[in-house]
Amino acid sequence: MNTPELGLPMTVPAEGLPARVRIHEVGARDGLQNEKAVVPAAVKAEFVRRLAGTGLTTIEATSFVHPKWVPQLADAEELFPAVADLPVDLPVLVPNERGLDRALALGARRVAVFASATESFAKANLNRTVDEALAMFAPVVARAKAAGVHVRGYLSMCFGDPWEGAVPVPQVVRVCRALLDMGCDELSLGDTIGVATPGHVDALLDALTGSGVPVGALGVHFHDTYGQALSNTLTALRHGVTTVDASAGGLGGCPYAKSATGNLATEDLVWMLRGLGIDTGVDLGRLVATSVWMAAHLGRPSPSRTVRALAGSGADSHQEH
C-alpha cells in the first residue's frame, strides 16, 4: 500500500511560505563524488536521465576538476555529452579557467565555482587562502558571464568548520558579497558539516539581506549530519528562499571534510513540501524508484527516510504531484 495513494501526506499549507520551490538536485555530482568505488559513466548518465524523468528541472551533472582530486568525476567529458540533450538545466562545477574551458567546449550553459567561508577549508579544498581562491574565480566568472553562461557560487562552511569551529556571520557575508560583486547570478549557502540550527539560519539570512543581498539570489544546501536539514530548510523558506539543494536518496558528503555526511534527501524534502502545499513539479514515486535503482548499483540501501518508508510499499507509483 502506497501512502501517497491514500492522500498522504495531507496537504496543510502554512502562512509565509513560497508557492513553489526549485530543487537544485545534486545527487549525480555531490552525491557520487564521495563514493569509494567509481560509478561507471553509463550508470551516471542513466541516473541523470531518470532524475530528469521525475520532473526535476535542475540537475547538477558533474564537475570539471582535475581527476587527481576527485577521481569519481574523472569522466566528465564522457558523461556530459551523454545527457546534454535533456530538456533540463545541467549545471557543472568548474574550479578554474581550465575547468571552464572544458565545460564550455562541451556546450555547458550553467557553471558553478566553489569558495569557502573559512581559511582552513579553503586550504584543504583549494590549497589557497579565501582571498586567493576568490582571485582565482574572478576571471572564471567574468569569462563565463561574457559567454552568456549562468554562474552559481557555492560557499562552503557557512555555519561551522571542522577545524575552526563556529564561523562568524560577518565572515560569511563578506565572501557572499565578494561572489555576488564578481558577477555570480546565485549563491548556495553550504552547511558542509551539518551543524546549522534554525536560529543560526535566521541570523545569517537576516545579515545577508541586511547587507543588500537579494533573497532571490540565495539557495541553501544543508547536510543532515545532526538531523537538522529539514528544519533549517523550513526556516530558509520562511525568509523567502525558493531554491533548495538536495540529493536523491540522501547521497553524498564531502571528500575534504570527513565529518560531512549525507545531503538532505530530495525525497524527504519533497514529502515535506508536498504536505505544505508547495509545488515542486516532482513526481515522488518516480523519484523514490530512481533512488532505489541507484542504491542497488551502489550496493547499499538509501539513507533517505522517505525512500525507506515508500520503497517497500509500491514506491514505483508514478502519480504526478
# chains A, B, ... in the order shown; residues from 1 in each chain; ligands from 1
$ select_by_dssp --residues "stretch 25-219 of chain A" --states "strand (DSSP E)" --output "list in words"
Glu25, Thr58, Ile59, Thr62, Ser63, Val92, Leu93, Arg110, Val111, Ala112, Val113, Phe114, Ala115, Ser116, His150, Val151, Arg152, Gly153, Tyr154, Leu155, Ser156, Glu186, Leu187, Ser188, Leu189, Gly190, Asp191, Leu218 and Gly219 of chain A
$ closest_residue --among "A:Pro198, A:Gly153, A:Gly219, A:Pro303" --to "A:His24" --atoms "only C-alpha atoms"
A:Gly219
$ residues_around --residues "A:Asp85" --least-positions-apart "6" --cutoff "12 Å" --atoms "only C-alpha atoms" --output "PyMOL selection string"
chain A and resi 45+48-49+52+79+106-108
$ write_last_selection --atoms "N, CA, C and O atoms" --output "short mmCIF file (atom, residue, chain, number, x, y, z; two decimals), in the first residue's frame"
data_model
loop_
_atom_site.label_atom_id
_atom_site.label_comp_id
_atom_site.auth_asym_id
_atom_site.auth_seq_id
_atom_site.Cartn_x
_atom_site.Cartn_y
_atom_site.Cartn_z
N ALA A 45 24.95 8.52 -16.28
CA ALA A 45 24.10 9.13 -17.30
C ALA A 45 22.66 8.65 -17.16
O ALA A 45 21.72 9.44 -17.26
N VAL A 48 21.06 10.45 -14.23
CA VAL A 48 20.64 11.81 -14.59
C VAL A 48 19.36 11.75 -15.42
O VAL A 48 18.42 12.54 -15.21
N ARG A 49 19.29 10.83 -16.35
CA ARG A 49 18.10 10.71 -17.20
C ARG A 49 16.87 10.35 -16.37
O ARG A 49 15.78 10.89 -16.57
N ALA A 52 15.77 13.36 -14.44
CA ALA A 52 15.04 14.29 -15.31
C ALA A 52 13.61 13.81 -15.53
O ALA A 52 12.69 14.62 -15.66
N LEU A 79 30.55 11.88 -19.70
CA LEU A 79 29.20 11.96 -19.13
C LEU A 79 28.38 13.11 -19.71
O LEU A 79 27.22 12.91 -20.11
N LEU A 106 32.10 21.72 -24.27
CA LEU A 106 31.04 20.72 -24.39
C LEU A 106 29.65 21.35 -24.41
O LEU A 106 28.64 20.64 -24.41
N GLY A 107 29.62 22.68 -24.41
CA GLY A 107 28.33 23.35 -24.52
C GLY A 107 27.61 23.62 -23.21
O GLY A 107 26.41 23.93 -23.22
N ALA A 108 28.30 23.53 -22.08
CA ALA A 108 27.65 23.81 -20.79
C ALA A 108 27.15 25.25 -20.75
O ALA A 108 27.86 26.17 -21.18
#
$ atom_distance --atom1 "atom CA of A:Val220" --atom2 "atom CA of A:Met294"
24.3 Å
$ select_by_dssp --residues "stretch 125-299 of chain A" --states "alpha helix (DSSP H)" --output "ChimeraX atom specification"
/A:125-126,130-146,169-182,198-210,229-238,266-275,284-298
$ closest_residue --among "A:Arg238, A:Arg286, A:Lys123, A:Arg308" --to "A:Val21" --atoms "only C-alpha atoms"
A:Arg238
$ closest_residue --among "A:Cys176, A:Ala217, A:Leu51, A:Val38" --to "A:Ala289" --atoms "only C-alpha atoms"
A:Leu51
$ closest_residue --among "A:Val244, A:Val111, A:Gly7, A:Met157" --to "A:Ala144" --atoms "only C-alpha atoms"
A:Val111
$ residues_around --residues "A:Gly53" --least-positions-apart "2" --cutoff "12 Å" --atoms "only C-alpha atoms" --output "PDB file with N, CA, C and O atoms, in the first residue's frame"
ATOM      1  N   GLU A  46      22.488   7.371 -16.896  1.00  0.00           N
ATOM      2  CA  GLU A  46      21.132   6.839 -16.706  1.00  0.00           C
ATOM      3  C   GLU A  46      20.495   7.430 -15.447  1.00  0.00           C
ATOM      4  O   GLU A  46      19.288   7.712 -15.413  1.00  0.00           O
ATOM      5  N   PHE A  47      21.294   7.630 -14.413  1.00  0.00           N
ATOM      6  CA  PHE A  47      20.815   8.269 -13.185  1.00  0.00           C
ATOM      7  C   PHE A  47      20.291   9.674 -13.485  1.00  0.00           C
ATOM      8  O   PHE A  47      19.185  10.048 -13.080  1.00  0.00           O
ATOM      9  N   VAL A  48      21.060  10.446 -14.227  1.00  0.00           N
ATOM     10  CA  VAL A  48      20.636  11.806 -14.588  1.00  0.00           C
ATOM     11  C   VAL A  48      19.356  11.753 -15.423  1.00  0.00           C
ATOM     12  O   VAL A  48      18.423  12.541 -15.207  1.00  0.00           O
ATOM     13  N   ARG A  49      19.294  10.830 -16.350  1.00  0.00           N
ATOM     14  CA  ARG A  49      18.101  10.710 -17.198  1.00  0.00           C
ATOM     15  C   ARG A  49      16.871  10.351 -16.368  1.00  0.00           C
ATOM     16  O   ARG A  49      15.776  10.887 -16.569  1.00  0.00           O
ATOM     17  N   ARG A  50      17.045   9.442 -15.438  1.00  0.00           N
ATOM     18  CA  ARG A  50      15.911   9.065 -14.575  1.00  0.00           C
ATOM     19  C   ARG A  50      15.499  10.237 -13.680  1.00  0.00           C
ATOM     20  O   ARG A  50      14.299  10.446 -13.444  1.00  0.00           O
ATOM     21  N   LEU A  51      16.470  10.976 -13.183  1.00  0.00           N
ATOM     22  CA  LEU A  51      16.148  12.146 -12.368  1.00  0.00           C
ATOM     23  C   LEU A  51      15.359  13.163 -13.193  1.00  0.00           C
ATOM     24  O   LEU A  51      14.387  13.755 -12.709  1.00  0.00           O
ATOM     25  N   GLY A  55      10.675  15.038 -13.086  1.00  0.00           N
ATOM     26  CA  GLY A  55      10.169  16.404 -13.064  1.00  0.00           C
ATOM     27  C   GLY A  55      11.154  17.408 -12.495  1.00  0.00           C
ATOM     28  O   GLY A  55      10.883  18.607 -12.487  1.00  0.00           O
ATOM     29  N   LEU A  56      12.296  16.938 -12.010  1.00  0.00           N
ATOM     30  CA  LEU A  56      13.336  17.860 -11.567  1.00  0.00           C
ATOM     31  C   LEU A  56      13.810  18.684 -12.760  1.00  0.00           C
ATOM     32  O   LEU A  56      13.993  18.151 -13.851  1.00  0.00           O
ATOM     33  N   THR A  57      14.021  19.973 -12.560  1.00  0.00           N
ATOM     34  CA  THR A  57      14.393  20.851 -13.676  1.00  0.00           C
ATOM     35  C   THR A  57      15.836  21.328 -13.625  1.00  0.00           C
ATOM     36  O   THR A  57      16.342  21.879 -14.598  1.00  0.00           O
ATOM     37  N   THR A  58      16.500  21.131 -12.482  1.00  0.00           N
ATOM     38  CA  THR A  58      17.916  21.491 -12.342  1.00  0.00           C
ATOM     39  C   THR A  58      18.654  20.298 -11.764  1.00  0.00           C
ATOM     40  O   THR A  58      18.403  19.911 -10.616  1.00  0.00           O
ATOM     41  N   ILE A  59      19.542  19.714 -12.544  1.00  0.00           N
ATOM     42  CA  ILE A  59      20.261  18.511 -12.126  1.00  0.00           C
ATOM     43  C   ILE A  59      21.747  18.728 -12.352  1.00  0.00           C
ATOM     44  O   ILE A  59      22.209  18.802 -13.493  1.00  0.00           O
ATOM     45  N   LEU A  86      19.037  16.511 -22.698  1.00  0.00           N
ATOM     46  CA  LEU A  86      17.880  16.538 -21.799  1.00  0.00           C
ATOM     47  C   LEU A  86      17.320  17.958 -21.692  1.00  0.00           C
ATOM     48  O   LEU A  86      18.077  18.928 -21.655  1.00  0.00           O
ATOM     49  N   PRO A  87      16.000  18.097 -21.589  1.00  0.00           N
ATOM     50  CA  PRO A  87      15.374  19.422 -21.519  1.00  0.00           C
ATOM     51  C   PRO A  87      15.365  19.991 -20.104  1.00  0.00           C
ATOM     52  O   PRO A  87      14.337  20.473 -19.609  1.00  0.00           O
ATOM     53  N   VAL A  88      16.497  19.918 -19.425  1.00  0.00           N
ATOM     54  CA  VAL A  88      16.630  20.432 -18.061  1.00  0.00           C
ATOM     55  C   VAL A  88      17.934  21.228 -17.968  1.00  0.00           C
ATOM     56  O   VAL A  88      18.800  21.124 -18.835  1.00  0.00           O
ATOM     57  N   GLY A 281       6.871  20.301  -8.761  1.00  0.00           N
ATOM     58  CA  GLY A 281       6.837  19.681 -10.081  1.00  0.00           C
ATOM     59  C   GLY A 281       7.412  18.279 -10.114  1.00  0.00           C
ATOM     60  O   GLY A 281       7.569  17.688 -11.181  1.00  0.00           O
ATOM     61  N   VAL A 282       7.728  17.727  -8.939  1.00  0.00           N
ATOM     62  CA  VAL A 282       8.419  16.435  -8.871  1.00  0.00           C
ATOM     63  C   VAL A 282       7.439  15.310  -8.556  1.00  0.00           C
ATOM     64  O   VAL A 282       6.603  15.423  -7.659  1.00  0.00           O
ATOM     65  N   ASP A 283       7.548  14.224  -9.295  1.00  0.00           N
ATOM     66  CA  ASP A 283       6.777  13.013  -9.062  1.00  0.00           C
ATOM     67  C   ASP A 283       7.520  12.182  -8.012  1.00  0.00           C
ATOM     68  O   ASP A 283       8.592  11.625  -8.282  1.00  0.00           O
ATOM     69  N   LEU A 284       6.963  12.109  -6.820  1.00  0.00           N
ATOM     70  CA  LEU A 284       7.657  11.459  -5.711  1.00  0.00           C
ATOM     71  C   LEU A 284       7.856   9.967  -5.958  1.00  0.00           C
ATOM     72  O   LEU A 284       8.912   9.414  -5.635  1.00  0.00           O
ATOM     73  N   GLY A 285       6.876   9.313  -6.546  1.00  0.00           N
ATOM     74  CA  GLY A 285       7.016   7.884  -6.816  1.00  0.00           C
ATOM     75  C   GLY A 285       8.169   7.586  -7.755  1.00  0.00           C
ATOM     76  O   GLY A 285       8.959   6.666  -7.529  1.00  0.00           O
ATOM     77  N   ARG A 286       8.264   8.349  -8.831  1.00  0.00           N
ATOM     78  CA  ARG A 286       9.383   8.161  -9.771  1.00  0.00           C
ATOM     79  C   ARG A 286      10.726   8.450  -9.096  1.00  0.00           C
ATOM     80  O   ARG A 286      11.735   7.790  -9.370  1.00  0.00           O
ATOM     81  N   LEU A 287      10.745   9.462  -8.246  1.00  0.00           N
ATOM     82  CA  LEU A 287      11.983   9.829  -7.570  1.00  0.00           C
ATOM     83  C   LEU A 287      12.443   8.716  -6.631  1.00  0.00           C
ATOM     84  O   LEU A 287      13.624   8.348  -6.614  1.00  0.00           O
ATOM     85  N   VAL A 288      11.521   8.176  -5.855  1.00  0.00           N
ATOM     86  CA  VAL A 288      11.859   7.077  -4.959  1.00  0.00           C
ATOM     87  C   VAL A 288      12.371   5.875  -5.759  1.00  0.00           C
ATOM     88  O   VAL A 288      13.389   5.268  -5.408  1.00  0.00           O
ATOM     89  N   ALA A 289      11.683   5.564  -6.853  1.00  0.00           N
ATOM     90  CA  ALA A 289      12.116   4.434  -7.678  1.00  0.00           C
ATOM     91  C   ALA A 289      13.519   4.656  -8.233  1.00  0.00           C
ATOM     92  O   ALA A 289      14.328   3.726  -8.325  1.00  0.00           O
ATOM     93  N   THR A 290      13.835   5.900  -8.597  1.00  0.00           N
ATOM     94  CA  THR A 290      15.168   6.225  -9.105  1.00  0.00           C
ATOM     95  C   THR A 290      16.226   6.025  -8.028  1.00  0.00           C
ATOM     96  O   THR A 290      17.308   5.473  -8.282  1.00  0.00           O
ATOM     97  N   HIS A 318       3.574   6.145 -10.193  1.00  0.00           N
ATOM     98  CA  HIS A 318       4.013   7.308 -10.963  1.00  0.00           C
ATOM     99  C   HIS A 318       2.933   8.376 -11.028  1.00  0.00           C
ATOM    100  O   HIS A 318       2.576   8.867 -12.087  1.00  0.00           O
ATOM    101  N   GLU A 320       1.459  12.108 -10.680  1.00  0.00           N
ATOM    102  CA  GLU A 320       2.004  13.448 -10.774  1.00  0.00           C
ATOM    103  C   GLU A 320       1.659  14.194  -9.492  1.00  0.00           C
ATOM    104  O   GLU A 320       0.519  14.171  -9.044  1.00  0.00           O
TER     105      GLU A 320
END
$ closest_residue --among "A:Ala142, A:Leu104, A:Leu73, A:Ala147" --to "A:Cys184" --atoms "only C-alpha atoms"
A:Ala142
$ residues_around --residues "A:Val270" --least-positions-apart "3" --cutoff "8 Å" --atoms "only C-alpha atoms" --output "MDAnalysis selection string"
chainID A and resid 266:267 273:274 280 282 284
$ decode --residues "stretch 30-59 of chain A" --atoms "N, CA and C atoms" --output "tab-separated table (two decimals), in the first residue's frame"
chain	number	residue	atom	x	y	z
A	30	ASP	N	27.48	15.91	-6.34
A	30	ASP	CA	27.85	15.92	-4.92
A	30	ASP	C	27.56	14.57	-4.28
A	31	GLY	N	26.50	13.93	-4.74
A	31	GLY	CA	26.15	12.65	-4.17
A	31	GLY	C	27.14	11.54	-4.48
A	32	LEU	N	27.67	11.53	-5.68
A	32	LEU	CA	28.54	10.43	-6.11
A	32	LEU	C	30.03	10.72	-5.93
A	33	GLN	N	30.39	11.99	-5.71
A	33	GLN	CA	31.83	12.30	-5.66
A	33	GLN	C	32.51	11.70	-4.44
A	34	ASN	N	31.73	11.32	-3.43
A	34	ASN	CA	32.32	10.80	-2.20
A	34	ASN	C	32.29	9.28	-2.14
A	35	GLU	N	31.82	8.66	-3.22
A	35	GLU	CA	31.77	7.19	-3.24
A	35	GLU	C	33.18	6.60	-3.31
A	36	LYS	N	33.37	5.50	-2.57
A	36	LYS	CA	34.68	4.84	-2.61
A	36	LYS	C	34.93	4.20	-3.97
A	37	ALA	N	33.89	3.60	-4.54
A	37	ALA	CA	34.02	2.97	-5.85
A	37	ALA	C	33.59	3.96	-6.93
A	38	VAL	N	34.25	3.88	-8.06
A	38	VAL	CA	33.90	4.75	-9.17
A	38	VAL	C	32.67	4.18	-9.88
A	39	VAL	N	31.64	5.00	-10.02
A	39	VAL	CA	30.42	4.59	-10.70
A	39	VAL	C	30.63	4.79	-12.20
A	40	PRO	N	30.35	3.78	-13.03
A	40	PRO	CA	30.55	3.92	-14.48
A	40	PRO	C	29.77	5.10	-15.06
A	41	ALA	N	30.34	5.73	-16.07
A	41	ALA	CA	29.70	6.89	-16.69
A	41	ALA	C	28.32	6.55	-17.22
A	42	ALA	N	28.15	5.36	-17.76
A	42	ALA	CA	26.85	4.97	-18.30
A	42	ALA	C	25.78	4.92	-17.21
A	43	VAL	N	26.18	4.46	-16.03
A	43	VAL	CA	25.24	4.41	-14.90
A	43	VAL	C	24.90	5.83	-14.44
A	44	LYS	N	25.92	6.69	-14.38
A	44	LYS	CA	25.67	8.09	-14.00
A	44	LYS	C	24.72	8.76	-14.99
A	45	ALA	N	24.95	8.52	-16.28
A	45	ALA	CA	24.10	9.13	-17.30
A	45	ALA	C	22.66	8.65	-17.16
A	46	GLU	N	22.49	7.37	-16.90
A	46	GLU	CA	21.13	6.84	-16.71
A	46	GLU	C	20.49	7.43	-15.45
A	47	PHE	N	21.29	7.63	-14.41
A	47	PHE	CA	20.81	8.27	-13.18
A	47	PHE	C	20.29	9.67	-13.48
A	48	VAL	N	21.06	10.45	-14.23
A	48	VAL	CA	20.64	11.81	-14.59
A	48	VAL	C	19.36	11.75	-15.42
A	49	ARG	N	19.29	10.83	-16.35
A	49	ARG	CA	18.10	10.71	-17.20
A	49	ARG	C	16.87	10.35	-16.37
A	50	ARG	N	17.05	9.44	-15.44
A	50	ARG	CA	15.91	9.07	-14.58
A	50	ARG	C	15.50	10.24	-13.68
A	51	LEU	N	16.47	10.98	-13.18
A	51	LEU	CA	16.15	12.15	-12.37
A	51	LEU	C	15.36	13.16	-13.19
A	52	ALA	N	15.77	13.36	-14.44
A	52	ALA	CA	15.04	14.29	-15.31
A	52	ALA	C	13.61	13.81	-15.53
A	53	GLY	N	13.41	12.50	-15.54
A	53	GLY	CA	12.09	11.95	-15.73
A	53	GLY	C	11.16	12.11	-14.54
A	54	THR	N	11.70	12.56	-13.41
A	54	THR	CA	10.87	12.77	-12.22
A	54	THR	C	10.23	14.16	-12.19
A	55	GLY	N	10.67	15.04	-13.09
A	55	GLY	CA	10.17	16.40	-13.06
A	55	GLY	C	11.15	17.41	-12.49
A	56	LEU	N	12.30	16.94	-12.01
A	56	LEU	CA	13.34	17.86	-11.57
A	56	LEU	C	13.81	18.68	-12.76
A	57	THR	N	14.02	19.97	-12.56
A	57	THR	CA	14.39	20.85	-13.68
A	57	THR	C	15.84	21.33	-13.63
A	58	THR	N	16.50	21.13	-12.48
A	58	THR	CA	17.92	21.49	-12.34
A	58	THR	C	18.65	20.30	-11.76
A	59	ILE	N	19.54	19.71	-12.54
A	59	ILE	CA	20.26	18.51	-12.13
A	59	ILE	C	21.75	18.73	-12.35
